[in-house]
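Here is the structure we will look at, set down as structure tokens.
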Amino acid sequence: MTWDWQFAIEIFPDIASAIWLVIGVTFGAYLVSLTFGLILTFLRRSSFKPLAFLTYWFIEFVRSTPPLVQLFFVYFALPAIGITLNKYLAGILTLGIHYATYVSEVYRSGIDAVPKGQWEASRAMNFTKIHTWFRVILPQAIPPVIPMLGNYLLVLFKETPILMAIGVGEFLQEAQLIGAANFRYLEPITIVGLLFLLLSYPSAILINKLEKRSKLGYSANKKQKGMSVVGTDGEAVKQSAGG
Amino acid sequence: MSLGLMEKQLNNQQVADQEQALVKYENVKKQFGDNEVLKGLNLAIQPGEKVALIGPSGSGKTTIIRMLMTLEKPTSGVITIGGEPLWHKKVGEKLVPADEKHLRRLRTDIGMVFQHFNLFPHMTILRNVTEAPIHVLGLSKEEATERAVDMLNKVGLGDKLDAYPEQLSGGQKQRVAIARAVVMRPKVMLFDEVTSALDPELVGEVLQVIKDLAEETDMAMILVTHEMDFARDVADRVVFLHNGQIEEQGKPSEILENPKSERLQSFLSRFLA
Ligand SMILES: Nc1ncnc2c1ncn2[C@@H]1O[C@H](COP(=O)(O)OP(=O)(O)OP(=O)(O)O)[C@@H](O)[C@H]1O
Ligand SMILES: [Mg+2]
């Protein structure tokens, strides 16, 4: 059996059109993991010990069971207790929550790397807890871990095929159907592989760039982003300094 | 004998001052695990008073001011500021542990400068100084900026508003840190060895800024320092700590030129060499 270009070109649009679904599910799950991961990070540091402890065990539990089992649980078992989710939502939530436990670990490493003096200065300045988190700690904790966070976007992307198990029709499935109908699997599956490569390679390069940039200082980054932020601040200063 | 007498005089003075003291440590103890760092500290600071804390490493100087900044909780005893207990809340007649709201209210009277600056590296110099006025005092952006620029001019950094901390020298960073604390107009400022992380040639500029502040403002100051000349110039009173207790205190001239206790004598002799 040899590679049939005509067949490949013929089926390409059908397979590629499913790509939007994969991208959508990936970003949906990624958004869930970024947000829920941050919530897990906060809960785990809660001064209310039972809550911190519970969160710890939740994370351990989610991490030590396979995402596929969790997916089945959410999609097939939860309806038994009255929670029914459509397959897309079930897929997004399951993958999102699973990876939230890893993302939470990434946040934690970023937060732990912020010097203790930043917490103390925030307290000495009498900032509220929320202000300290969102204006002092996280702005320092997150930039260095952006590459690691970005990496999980790629991992998630490559993990989406497991959603086939609950019938989320995506391009792997499309490829399989085409293959079965024509008794030719070489072209459709190769196209799938190529599409994954086509999407993840540029993302990997982008993450690499981010990584280099996160090693530069704050002043260098500000200049790269353009002077507008500094400019507005500077203007306000000149006005009030003159008055 | 004479030591006992002086202690009595000081005690009498403290009793007289009790009503007007701005900050008061009453029998404050602090333990880290088994290590008893402060063994019943009694110290009162008057409004506007400049107090230098000196003493060997590990004698508890930092711990004393960190407890006032609410960075460290005393094991027992009461610290008051403006007559109100800092770590406790009065509920009727009883003292119960303070909550964050109580701490935040009293903290507005206290400012601190750290040994290692602890500037916010992701904020410009100007934002370092306006952040708290805007978000803690609730000033408008314009008011806060005006105050901050004023303050930064005073410490000689009016031309660095848009710079980031990483672009400044140690001495400049520490002057920003001073501006950041003073801009809040606290009643008492705490300085913890603010020049000991600096290259020797940068120490002078920072000490000068503090001296000017001490003269111009009526803020009280507690200065932990190893710079004896500076202590003499700035302080109204020098307190010598040893092993978590006040060994000797008094006017700078008495303490630095006429030390009574042997421990103080030997401590000071290290600075003469
Ligand atoms: N967070 C902490 N945990 C445990 N022990 C501590 C802690 N902070 C301080 N100590 C101990 O308390 C004692 C007093 O420390 P402190 O920092 O107050 O001394 P200091 O007079 O400021 O000394 P230095 O001149 O070296 O700064 C030391 O023995 C120190 O090891
Ligand atoms: Mg110290």
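Chain identifiers are assigned as A, B, and so on, following the order in which chains appear in the structure tokens; residues are numbered from 1 within each chain, and ligands are numbered from 1 in order of appearance.
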Return as JSON lines the residues of chain A lying at most 6 Å from chain B, together with the closest atom-to-atom pair for each and the distance in Å to one decimal, counting only C-alpha atoms, with rows in chain order and ascending residue number.
{"residue": "A:Gly117", "atom": "CA", "partner": "B:Asn118", "partner_atom": "CA", "distance": 5.4}
{"residue": "A:Gln118", "atom": "CA", "partner": "B:Asn118", "partner_atom": "CA", "distance": 5.9}
{"residue": "A:Tyr218", "atom": "CA", "partner": "B:His122", "partner_atom": "CA", "distance": 5.8}
{"residue": "A:Ser219", "atom": "CA", "partner": "B:Tyr164", "partner_atom": "CA", "distance": 5.9}
{"residue": "A:Ser240", "atom": "CA", "partner": "B:Glu146", "partner_atom": "CA", "distance": 5.7}
Export of prior selection with N, CA and C atoms as a PDB file, in the first residue's frame:
ATOM      1  N   GLY A 117      10.569  38.734  52.301  1.00  0.00           N
ATOM      2  CA  GLY A 117      10.561  40.180  52.513  1.00  0.00           C
ATOM      3  C   GLY A 117       9.408  40.880  51.801  1.00  0.00           C
ATOM      4  N   GLN A 118       8.912  40.299  50.712  1.00  0.00           N
ATOM      5  CA  GLN A 118       7.797  40.916  49.989  1.00  0.00           C
ATOM      6  C   GLN A 118       6.508  40.821  50.807  1.00  0.00           C
ATOM      7  N   TYR A 218      12.481  43.460  35.121  1.00  0.00           N
ATOM      8  CA  TYR A 218      11.214  44.160  34.944  1.00  0.00           C
ATOM      9  C   TYR A 218      11.358  45.375  34.029  1.00  0.00           C
ATOM     10  N   SER A 219      12.482  46.071  34.173  1.00  0.00           N
ATOM     11  CA  SER A 219      12.648  47.294  33.382  1.00  0.00           C
ATOM     12  C   SER A 219      12.757  46.949  31.903  1.00  0.00           C
ATOM     13  N   SER A 240       1.215  67.056  38.333  1.00  0.00           N
ATOM     14  CA  SER A 240       1.036  67.388  39.740  1.00  0.00           C
ATOM     15  C   SER A 240       2.318  67.998  40.317  1.00  0.00           C
TER      16      SER A 240
END
Open item on the list: What's around Ser59 in chain B at 6 Å? Count only C-alpha atoms, leave out sequence neighbours fewer than 5 positions away in its own chain, and write the answer as a ChimeraX atom specification.
Closed with: /B:242-244
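Counting only C-alpha atoms, Tyr88 in chain A has the following residues at most 8 Å away, ignoring those fewer than 4 positions along the same chain: Val25, Ile92 and Val168 of chain A.
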TODO: Determine, counting only C-alpha atoms, which protein, DNA and RNA residues have an atom within 10 Å of an atom of Gly48 in chain B; residues of the same chain fewer than 5 positions away are not included. Present the result as a PyMOL selection string.
DONE: chain B and resi 22+187-189+214+217-221+236
Please produce a file of the residues just selected, as a PDB file, in the first residue's frame, where the atoms kept are all heavy atoms.
ATOM      1  N   LEU B  22       3.703  56.826  73.571  1.00  0.00           N
ATOM      2  CA  LEU B  22       3.133  56.448  72.278  1.00  0.00           C
ATOM      3  C   LEU B  22       3.172  54.932  72.110  1.00  0.00           C
ATOM      4  O   LEU B  22       2.209  54.309  71.699  1.00  0.00           O
ATOM      5  CB  LEU B  22       3.931  57.118  71.150  1.00  0.00           C
ATOM      6  CG  LEU B  22       3.564  56.682  69.729  1.00  0.00           C
ATOM      7  CD1 LEU B  22       2.161  57.140  69.372  1.00  0.00           C
ATOM      8  CD2 LEU B  22       4.582  57.206  68.729  1.00  0.00           C
ATOM      9  N   LYS B 187       3.138  57.427  63.053  1.00  0.00           N
ATOM     10  CA  LYS B 187       3.555  58.119  64.281  1.00  0.00           C
ATOM     11  C   LYS B 187       4.889  57.596  64.768  1.00  0.00           C
ATOM     12  O   LYS B 187       5.593  58.271  65.501  1.00  0.00           O
ATOM     13  CB  LYS B 187       2.491  57.924  65.354  1.00  0.00           C
ATOM     14  CG  LYS B 187       1.185  58.634  65.025  1.00  0.00           C
ATOM     15  CD  LYS B 187       0.341  58.794  66.270  1.00  0.00           C
ATOM     16  CE  LYS B 187      -0.968  59.497  65.953  1.00  0.00           C
ATOM     17  NZ  LYS B 187      -2.125  58.609  66.183  1.00  0.00           N
ATOM     18  N   VAL B 188       5.187  56.353  64.373  1.00  0.00           N
ATOM     19  CA  VAL B 188       6.491  55.817  64.760  1.00  0.00           C
ATOM     20  C   VAL B 188       7.098  55.063  63.578  1.00  0.00           C
ATOM     21  O   VAL B 188       6.419  54.318  62.886  1.00  0.00           O
ATOM     22  CB  VAL B 188       6.386  54.907  66.022  1.00  0.00           C
ATOM     23  CG1 VAL B 188       5.388  53.781  65.826  1.00  0.00           C
ATOM     24  CG2 VAL B 188       7.758  54.337  66.394  1.00  0.00           C
ATOM     25  N   MET B 189       8.387  55.351  63.346  1.00  0.00           N
ATOM     26  CA  MET B 189       9.113  54.688  62.264  1.00  0.00           C
ATOM     27  C   MET B 189      10.149  53.741  62.849  1.00  0.00           C
ATOM     28  O   MET B 189      10.863  54.093  63.785  1.00  0.00           O
ATOM     29  CB  MET B 189       9.849  55.735  61.412  1.00  0.00           C
ATOM     30  CG  MET B 189       9.011  56.402  60.337  1.00  0.00           C
ATOM     31  SD  MET B 189       8.652  55.296  58.961  1.00  0.00           S
ATOM     32  CE  MET B 189      10.306  54.842  58.468  1.00  0.00           C
ATOM     33  N   ALA B 214      14.647  63.056  60.973  1.00  0.00           N
ATOM     34  CA  ALA B 214      14.535  63.120  62.423  1.00  0.00           C
ATOM     35  C   ALA B 214      14.402  64.568  62.874  1.00  0.00           C
ATOM     36  O   ALA B 214      13.668  64.876  63.810  1.00  0.00           O
ATOM     37  CB  ALA B 214      15.745  62.453  63.075  1.00  0.00           C
ATOM     38  N   THR B 217      10.701  66.144  61.217  1.00  0.00           N
ATOM     39  CA  THR B 217       9.378  65.603  61.529  1.00  0.00           C
ATOM     40  C   THR B 217       9.235  65.326  63.013  1.00  0.00           C
ATOM     41  O   THR B 217      10.223  65.244  63.746  1.00  0.00           O
ATOM     42  CB  THR B 217       9.102  64.289  60.781  1.00  0.00           C
ATOM     43  OG1 THR B 217       9.971  63.292  61.323  1.00  0.00           O
ATOM     44  CG2 THR B 217       9.341  64.432  59.306  1.00  0.00           C
ATOM     45  N   ASP B 218       8.008  65.167  63.450  1.00  0.00           N
ATOM     46  CA  ASP B 218       7.812  64.826  64.855  1.00  0.00           C
ATOM     47  C   ASP B 218       7.408  63.356  65.024  1.00  0.00           C
ATOM     48  O   ASP B 218       6.739  62.993  65.972  1.00  0.00           O
ATOM     49  CB  ASP B 218       6.783  65.766  65.503  1.00  0.00           C
ATOM     50  CG  ASP B 218       5.523  65.848  64.675  1.00  0.00           C
ATOM     51  OD1 ASP B 218       5.400  65.072  63.700  1.00  0.00           O
ATOM     52  OD2 ASP B 218       4.646  66.672  65.006  1.00  0.00           O
ATOM     53  N   MET B 219       7.810  62.548  64.038  1.00  0.00           N
ATOM     54  CA  MET B 219       7.601  61.113  64.189  1.00  0.00           C
ATOM     55  C   MET B 219       8.541  60.569  65.258  1.00  0.00           C
ATOM     56  O   MET B 219       9.684  61.003  65.353  1.00  0.00           O
ATOM     57  CB  MET B 219       7.959  60.387  62.880  1.00  0.00           C
ATOM     58  CG  MET B 219       6.942  60.455  61.791  1.00  0.00           C
ATOM     59  SD  MET B 219       7.510  59.483  60.380  1.00  0.00           S
ATOM     60  CE  MET B 219       9.052  60.278  59.988  1.00  0.00           C
ATOM     61  N   ALA B 220       8.040  59.597  66.008  1.00  0.00           N
ATOM     62  CA  ALA B 220       8.950  58.863  66.879  1.00  0.00           C
ATOM     63  C   ALA B 220       9.728  57.883  66.003  1.00  0.00           C
ATOM     64  O   ALA B 220       9.276  57.503  64.929  1.00  0.00           O
ATOM     65  CB  ALA B 220       8.171  58.109  67.943  1.00  0.00           C
ATOM     66  N   MET B 221      10.940  57.524  66.459  1.00  0.00           N
ATOM     67  CA  MET B 221      11.744  56.572  65.691  1.00  0.00           C
ATOM     68  C   MET B 221      12.386  55.573  66.621  1.00  0.00           C
ATOM     69  O   MET B 221      12.848  55.935  67.701  1.00  0.00           O
ATOM     70  CB  MET B 221      12.862  57.298  64.924  1.00  0.00           C
ATOM     71  CG  MET B 221      12.389  58.199  63.798  1.00  0.00           C
ATOM     72  SD  MET B 221      13.807  58.919  62.956  1.00  0.00           S
ATOM     73  CE  MET B 221      12.978  59.846  61.674  1.00  0.00           C
ATOM     74  N   ASP B 236      17.530  60.527  71.045  1.00  0.00           N
ATOM     75  CA  ASP B 236      17.329  61.192  72.335  1.00  0.00           C
ATOM     76  C   ASP B 236      17.741  60.256  73.458  1.00  0.00           C
ATOM     77  O   ASP B 236      18.067  60.678  74.553  1.00  0.00           O
ATOM     78  CB  ASP B 236      15.847  61.538  72.519  1.00  0.00           C
ATOM     79  CG  ASP B 236      15.337  62.427  71.407  1.00  0.00           C
ATOM     80  OD1 ASP B 236      16.021  63.417  71.097  1.00  0.00           O
ATOM     81  OD2 ASP B 236      14.269  62.107  70.836  1.00  0.00           O
TER      82      ASP B 236
END
Task: Within 10 Å of ligand 1 (only C-alpha atoms and all ligand atoms), residues as a ChimeraX atom specification - done: /B:30-38,53-67,71-72,115,192-193,196,224-226,241-244
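Counting only C-alpha atoms and all ligand atoms, the residue from B:Ile246, B:Glu93, B:Thr195, B:Leu157 that sits nearest to ligand 2 is B:Thr195.
Considering only range 48-91 of chain B, backbone DSSP assigns alpha helix (DSSP H) to B:Lys61, B:Thr62, B:Thr63, B:Ile64, B:Ile65, B:Arg66, B:Met67, B:Leu68.
With only C-alpha atoms and all ligand atoms as the atoms that count, the minimum distance from ligand 2 to the choices B:Pro97, B:Phe191, B:Asn153, B:Asp212 is reached by B:Phe191.
CA of Trp3 in chain A sits 6.8 Å away from CA of Glu187 in chain A.
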Tell me, as a tab-separated table (two decimals) with N, CA, C and O atoms, in the first residue's frame, which residues lie within 8 Å of Val62 in chain A, counting only C-alpha atoms; anything in the same chain fewer than 4 positions away does not count.
chain	number	residue	atom	x	y	z
A	58	PHE	N	-7.46	16.12	48.16
A	58	PHE	CA	-8.14	16.20	46.87
A	58	PHE	C	-7.11	16.19	45.73
A	58	PHE	O	-7.22	15.44	44.76
A	98	HIS	N	-8.31	17.97	36.35
A	98	HIS	CA	-7.14	17.10	36.48
A	98	HIS	C	-5.86	17.92	36.38
A	98	HIS	O	-4.97	17.83	37.22
A	101	THR	N	-4.58	20.40	39.20
A	101	THR	CA	-3.75	19.95	40.31
A	101	THR	C	-2.27	20.11	39.97
A	101	THR	O	-1.45	20.39	40.84
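CA of Lys50 in chain B to CA of Ala235 in chain B spans 4.8 Å [interatomic distance, one decimal].
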